[in-house]
Amino acid sequence: MRRQVGALSFVGSYPKNWPDLGMPEIAFAGRSNVGKSSALNTLLNSKKAARVSGTPGRTQSVNLFKVGSGCVFADLPGYGFAKVPAAVQDNWKAMIESYLSERDDLKLVVVLVDARRAPQEMDGMLLYALTESSIPSLVVATKVDKLKKQQRQKNLRAIAKEFALGPGQPVAFSSMSGVGRDQVWDHIEAACR
Ligand code: GTP
Ligand code: MG
């Protein structure tokens, strides 16, 4: 089933002073290059809503999108890319911390992890910070199209165990095939209500 997304509009790109839009907001977070912008485009049935790039660390501010009349999507800059200078990493951390503490309408943070990789410490730290701030999270394991079934199951189990996830998580997702799209939408719709 393809969801009717409705009118999509780009609100803007902000490193701070995020505008108050008065709508429930869903943020997309994860390591650089994990596929946040691609996942957003897949969910929105759009090839180019969010900028996808082969260069990790491309998204450096929070990009806000209005989805239909009821919901805002926030594409957050990725973390943990080794080649990014320490000063930029610190900057990222400060930005994300203030984003998470300032956004009153934030209903859900979709934390994307790479299904091919072992659970990452930075992802664990983000999930811990979200739990501490009572912000609901949804872990989505992306790029599952790159794994054979058995390896996929093994990796997803390792992620679920490491982060002590509830049932149904991580959601197996692929921006290439669209696998997991409806499941992620179910969570988004519930959070946007
Ligand atoms: P930053 O904004 O730099 O943090 O990256 P990002 O997390 O937004 O990643 P982006 O969506 O730009 O994707 C990074 C690369 O991964 C691109 O080359 C995408 O084409 C590729 N990619 C993203 N999702 C998938 C997926 O589900 N499957 C496969 N095979 N490739 C993907
Ligand atoms: Mg991006």
# chains A, B, ... in the order shown; residues from 1 in each chain; ligands from 1
call {"tool": "residues_around", "arguments": {"residues": "Val184 in chain A", "least_positions_apart": "2", "cutoff": "12 Å", "atoms": "only C-alpha atoms", "output": "ChimeraX atom specification"}}
result
/A:3,26,28,39-40,42-44,108-112,137-142,168-175,178-182,186-191
call {"tool": "select_by_dssp", "arguments": {"residues": "chain A", "states": "strand (DSSP E)", "output": "JSON, numbers by chain"}}
result
{"A": [8, 9, 10, 11, 12, 13, 14, 25, 26, 27, 28, 29, 30, 62, 63, 64, 65, 66, 67, 71, 72, 73, 74, 75, 106, 107, 108, 109, 110, 111, 112, 113, 114, 137, 138, 139, 140, 141, 142, 171, 172]}
call {"tool": "residues_around", "arguments": {"residues": "range 100-106 of chain A", "least_positions_apart": "6", "cutoff": "12 Å", "atoms": "only C-alpha atoms", "output": "PyMOL selection string"}}
result
chain A and resi 16-29+62+70-74+76+93-94+126-127+129-137+188+191-193
call {"tool": "residues_around", "arguments": {"residues": "Ile159 in chain A", "least_positions_apart": "5", "cutoff": "9 Å", "atoms": "only C-alpha atoms", "output": "list in words"}}
result
Val113, Ala115, Ala118, Pro119, Gln120, Ala141, Lys154, Ala164, Leu165, Gln169 and Pro170 of chain A
call {"tool": "write_last_selection", "arguments": {"atoms": "N, CA and C atoms", "output": "JSON list (two decimals), in the first residue's frame"}}
result
[["chain", "number", "residue", "atom", "x", "y", "z"],
["A", 113, "VAL", "N", 19.95, 3.03, 11.66],
["A", 113, "VAL", "CA", 21.24, 2.35, 11.80],
["A", 113, "VAL", "C", 21.47, 1.52, 10.54],
["A", 115, "ALA", "N", 22.08, -1.70, 8.69],
["A", 115, "ALA", "CA", 21.83, -3.12, 8.97],
["A", 115, "ALA", "C", 23.08, -3.97, 8.79],
["A", 118, "ALA", "N", 27.81, -3.70, 12.92],
["A", 118, "ALA", "CA", 27.58, -4.03, 14.33],
["A", 118, "ALA", "C", 27.00, -2.79, 15.00],
["A", 119, "PRO", "N", 26.24, -2.97, 16.09],
["A", 119, "PRO", "CA", 25.68, -1.82, 16.80],
["A", 119, "PRO", "C", 26.78, -0.81, 17.16],
["A", 120, "GLN", "N", 26.50, 0.45, 16.95],
["A", 120, "GLN", "CA", 27.49, 1.50, 17.14],
["A", 120, "GLN", "C", 27.25, 2.26, 18.45],
["A", 141, "ALA", "N", 16.58, -0.22, 10.82],
["A", 141, "ALA", "CA", 17.83, -0.72, 10.23],
["A", 141, "ALA", "C", 17.71, -0.64, 8.72],
["A", 154, "LYS", "N", 20.40, -12.13, 11.49],
["A", 154, "LYS", "CA", 21.44, -12.19, 12.53],
["A", 154, "LYS", "C", 21.79, -10.77, 13.00],
["A", 164, "ALA", "N", 18.54, -3.18, 23.56],
["A", 164, "ALA", "CA", 17.40, -3.62, 24.37],
["A", 164, "ALA", "C", 16.08, -3.09, 23.81],
["A", 165, "LEU", "N", 15.86, -3.33, 22.51],
["A", 165, "LEU", "CA", 14.69, -2.78, 21.83],
["A", 165, "LEU", "C", 13.44, -3.60, 22.12],
["A", 169, "GLN", "N", 11.23, -4.05, 16.69],
["A", 169, "GLN", "CA", 12.36, -3.18, 16.39],
["A", 169, "GLN", "C", 13.67, -3.98, 16.41],
["A", 170, "PRO", "N", 14.64, -3.62, 15.58],
["A", 170, "PRO", "CA", 14.58, -2.57, 14.59],
["A", 170, "PRO", "C", 13.66, -2.95, 13.42]]
call {"tool": "closest_residue", "arguments": {"among": "A:Arg31, A:Lys36, A:Lys47, A:Lys148", "to": "Trp92 in chain A", "atoms": "only C-alpha atoms"}}
result
A:Arg31
call {"tool": "select_by_dssp", "arguments": {"residues": "range 4-185 of chain A", "states": "alpha helix (DSSP H)", "output": "count of residues only"}}
result
56
call {"tool": "closest_residue", "arguments": {"among": "A:Ser9, A:Arg116, A:Lys66, A:Gly80", "to": "Lys149 in chain A", "atoms": "only C-alpha atoms"}}
result
A:Arg116
